[in-house]
2 protein chains.
Amino acid sequence: MFLNSTTDLEQAQSALECFIQEHFSAQKERFNYGDWFEPLYFDLCEFTGRKGKRIRPLMLMLSYRAFQGKKSLSDPSLLRSATALELLHTFVLMHDDVIDRSEKRRGLPTFHKLCAGRLVISEDRDRIGENIAMVMGDMVFAIAIQTLHEADFCPEVRDRVMSQFLQYTVDTGSGEILDILLGCQDVARVKLEQIEEMYHLKTTRYTFEAPCVMGALLAGAGEEKLEAIRRITRPLGLAFQIQNDLMEYKSLDPSGPLCSADLLEGKKTLLLKQAFVALDEVERSFLQMCLSSVARRESALLKIKELIDKSGAVALLQSRCEQLFLESEAAIDSGVFSPEESTSLRGSLAIVRQQVRQVA
Amino acid sequence: MFLNSTTDLEQAQSALECFIQEHFSAQKERFNYGDWFEPLYFDLCEFTGRKGKRIRPLMLMLSYRAFQGKKSLSDPSLLRSATALELLHTFVLMHDDVIDRSEKRRGLPTFHKLCAGRLVISEDRDRIGENIAMVMGDMVFAIAIQTLHEADFCPEVRDRVMSQFLQYTVDTGSGEILDILLGCQDVARVKLEQIEEMYHLKTTRYTFEAPCVMGALLAGAGEEKLEAIRRITRPLGLAFQIQNDLMEYKSLDPSGPLCSADLLEGKKTLLLKQAFVALDEVERSFLQMCLSSVARRESALLKIKELIDKSGAVALLQSRCEQLFLESEAAIDSGVFSPEESTSLRGSLAIVRQQVRQVA
C-alpha cells in the first residue's frame with residue numbers, strides 16, 4: 001500500500017512519464033486545426049515532453065498513496081489528475097519565459113523562441129513569437145483543466161479537487177504579479193517577509209501544496225489533515241525556491257560569460273535581500289548602484305557577485321534551508337496523522353529533499 | 001415561457017448586469033492578497049464593469065429560454081453560467097489588447113495601460129504593464145471557469161457544459177494564433193477561406209456558438225438540436241465580425257487623425273482581401289506597397305483607404321452580411337426545431353441583428 005521502496009518510486013515515475021507522453025499525443029485530435037497548426041503542435045509536444053523532474057505530479061501520487069488512496073499508481077484517473085498539474089506547470093513556464101524574456105528552458109529554446117524560429121526573419125519576429133507563446137500557453141491552461149475535469153472520481157471529490165486546483169492557479173498568478181512589482185522596487189524598500197510571501201504564492205502553492213492537498217482529497221482525507229499538509233508544504237516550498245535561487249547564483253561563473261536572468265530582470269530574491277541586510281552602509285549603496293546599472297554593464301554583475309559573496313548570505317540561506325526541512329518534518333509529527341501516514345509522508349519528504357539536492 | 005417581449009429582454013439584461021457587478025465584488029475574498037493587490041483589483045472591477053453589450057451572456061439566456069429551460073431568467077445558477085462567458089470575454093480582451101498593443105477599450109484605457117499607469121515612470125513601464133495584464137488575464141480565465149464550475153445544475157449536464165466551454169476556449173486560442181500568422185503573410189498569399197476560418201475560430205466559436213450551445217445544453221436539448229444551432233451561429237458570427245471590420249474601417253476619417261489598429265498591425269481582414277481581389281494588377285501592387293510601409297507613413301493609410309473605397313469591397317461585404325443573416329434564418333427553419341423553438345430563435349436572431357446594427 002505504501003510507497004516505500006525505490007522500485008515503487010521508479011514504477012510511479014515511469015507510469016507517469018508514459019502517461020504524459022501518450023496523453024499529449026492523444027490531444028492531437030483536439031488540436032486538429034489544419035496544416036498551419038502542425039509545427040506549433042510539434043513544438044508543444046517537444047516542449048512538454050522535455051525530461052523534467054515531474055515533481056508536481058509525483059507529489060500528487062505520493063500524497064495519494066500516503067493517505068491510502070484505493071486506486072493503483074498506474075490507474076488512468078490518478079495519472080490524469082497528476083498530469084493536469086504537469087500541464088499547469090507547462091503553462092506557467094510558457095508565460096513566465098515570455099515575461100522574463102528568457103531564451104533557454106531545460107537547456108533548449110524557450111517556447112516563444114521556438115515560435116519565433118518558425119517565422120520569417122523580420123524586425124518584430126521576437127514579439128510575434130512571444131504573442132503566439134502567450135496564446136498557446138492559454139490553450140495549455142485550458143487543456144490542463146480539461147485533463148483534470150475528465151478524471152474519473154466521484155463527482156463530490158472531483159468538484160472539491162477542481163475548486164482547489166483553480167484557486168491555486170489564481171494564487172500562483174498573484175505571486176507572479178507580486179514578483180513583477182517587487183522587481184520594480186529598490187532592494188532597500190522590499191521587506192524579507194514580502195519576498196517570502198511572494199515565494200509562497202508563486203511557487204509553494206502550486207508546486208507542493210496543490211499536489212499534496214489534491215492527492216489527499218482524492219484519497220478521501222478530511223479538512224484537519226489538509227490543514228496539516230499545508231503546514232508541511234509551506235517551509236518545503238520556501239526551501240525549494242531558496243535552493244533554486246542559490247543554484248542560479250552558483251551558475252554565475254566569473255571566468256565564463258556572465259549572465260543572471262534574475263539579476264538582469266531586477267528580481268528581488270531572498271539571497272539579494274539577505275545580502276543587502278548583512279552589508280554595511282557603504283556596501284549597500286554600492287550594491288544599489290550596481291543593481292541600477294546591471295542591465296547596461298556586465299562589470300556590475302561581477303561586483304554584485306563579489307558583494308553577495310562577502311555578505312555571507314549564501315551560507316545563511318543554506319542553513320535556513322536545513323531549518324525549513326526540519327520544520328516540515330516537525331509538522332509531519334504534529335499528531336494529526338496516523339503512524340502509517342507519518343512514515344509515508346517522511347518517505348515522500350526524503351524524495352523531495354533528494355530532488356532539491358539534484359537542483360542544487 | 002418565451003422571451004418575446006421587450007420587457008422580458010430588458011429584465012434579462014438588467015438581472016445580468018446586476019449579477020455581473022455583484023459577482024465581481026463577491027470575488028474580493030478570493031483576491032485577498034494584501035494592500036499591494038488593491039489597486040489592481042480596483043482596476044479589474046472597473047474594467048469588467050464597463051458597459052458592454054453583454055452579448056455572450058445574453059445569448060446564453062436567450063438560448064436557454066428558447067429550449068424551454070425550467071429555471072427563471074433571474075435564477076442565480078443560470079446567471080452564473082452566463083457570467084462565466086462574460087468573464088471569458090474579459091480575459092480574451094485583456095490578452096488581445098496586449099497582443100495588439102491597443103491603447104483604448106470601450107473608450108477607456110486598456111487593462112495593460114491601466115497597469116502601466118500605476119507604475120513609476122521608467123523606460124520599461126509599458127512592458128511591465130503588459131506583463132501584469134497578461135497574468136491578470138490568466139487569473140480572470142481561472143475565475144471564469146470557477147464561476148461556471150460553481151453553477152448548480154445536475155452533474156451530468158454541468159460536465160458537458162464545462163467540456164464544451166473549455167473546448168471553445170481552446171478553439172478561440174487557435175483562431176487568435178491564425179490571426180497572428182495571417183498577419184505576417186502578404187495579402188496576395190492569404191486565402192479568403194483562411195480568413196473566414198480564422199473568424200469562425202476566433203469570434204464565432206465563443207461569441208455565438210458557445211453561448212447558444214451551452215444555453216441549449218443547460219435546458220436539456222439533444223445532439224441533433226446542438227448541431228442545428230451550430231449551423232445557425234456560423235453565418236451569424238461571420239456577419240458579426242464583418243460588421244466589426246466595416247465599423248473600424250468607417251472610423252477612418254481622412255479629415256481627422258488617421259489610425260487603424262487592424263491595418264497598422266497588418267491584420268488580414270476580409271475587407272482588405274476582398275478589396276485586393278477586386279483591384280487590377282497595378283492597383284494590387286500599389287496596395288501591397290502601401291501595406292508594407294503603413295507602420296512608418298500615415299500617408300500610406302490614406303492611400304489604402306482610397307484603394308479599398310475604389311474596390312467596392314464595402315458594398316460587397318454589406319450585401320454578404322444580409323446573405324449571412326438569411327442563411328441563419330434558413331437554418332432555423334431546417335425542421336429540427338419545434339414551432340415554439342423556431343419562433344423563439346427568430347426572436348433572438350432579431351435581437352442579435354439589432355445589436356450588430358448598434359455596432360455598425
# chains A, B, ... in the order shown; residues from 1 in each chain; ligands from 1
>>> closest_atom_pairs(of="chain A", to="chain B", cutoff="8 Å", atoms="only C-alpha atoms", output="Markdown table")
| residue | atom | partner | partner_atom | distance |
| --- | --- | --- | --- | --- |
| A:Tyr33 | CA | B:Ser174 | CA | 7.5 |
| A:Trp36 | CA | B:Leu178 | CA | 8.0 |
| A:Ile99 | CA | B:Asn131 | CA | 5.8 |
| A:Ile128 | CA | B:Ile180 | CA | 7.5 |
| A:Asn131 | CA | B:Ile99 | CA | 5.8 |
| A:Ile132 | CA | B:Ile177 | CA | 5.9 |
| A:Val135 | CA | B:Gly173 | CA | 5.8 |
| A:Met136 | CA | B:Gly173 | CA | 7.0 |
| A:Asp138 | CA | B:Gly173 | CA | 7.1 |
| A:Met139 | CA | B:Val170 | CA | 5.0 |
| A:Ala142 | CA | B:Leu166 | CA | 5.9 |
| A:Ile143 | CA | B:Leu166 | CA | 7.6 |
| A:Ile145 | CA | B:Leu166 | CA | 7.9 |
| A:Gln146 | CA | B:Leu166 | CA | 6.6 |
| A:His149 | CA | B:Ser163 | CA | 7.9 |
| A:Pro155 | CA | B:Pro155 | CA | 7.1 |
| A:Ser163 | CA | B:Gln146 | CA | 6.8 |
| A:Leu166 | CA | B:Ala142 | CA | 5.9 |
| A:Gln167 | CA | B:Ala142 | CA | 7.8 |
| A:Thr169 | CA | B:Ala142 | CA | 6.9 |
| A:Val170 | CA | B:Met139 | CA | 5.0 |
| A:Gly173 | CA | B:Val135 | CA | 5.8 |
| A:Ser174 | CA | B:Tyr33 | CA | 7.5 |
| A:Glu176 | CA | B:Val135 | CA | 7.4 |
| A:Ile177 | CA | B:Ile132 | CA | 5.9 |
| A:Leu178 | CA | B:Trp36 | CA | 7.9 |
| A:Ile180 | CA | B:Ile132 | CA | 7.4 |
>>> atom_distance(atom1="atom CA of Met247 of chain A", atom2="atom CA of Glu265 of chain A")
16.7 Å
>>> closest_atom_pairs(of="segment 114-176 of chain B", to="segment 72-85 of chain B", cutoff="6 Å", atoms="only C-alpha atoms", output="Markdown table")
| residue | atom | partner | partner_atom | distance |
| --- | --- | --- | --- | --- |
| B:Ala144 | CA | B:Ala84 | CA | 4.7 |
| B:Thr147 | CA | B:Ala84 | CA | 5.6 |
| B:Leu148 | CA | B:Ser81 | CA | 5.1 |
| B:Ala151 | CA | B:Ser77 | CA | 4.7 |
| B:Asp152 | CA | B:Ser77 | CA | 5.4 |
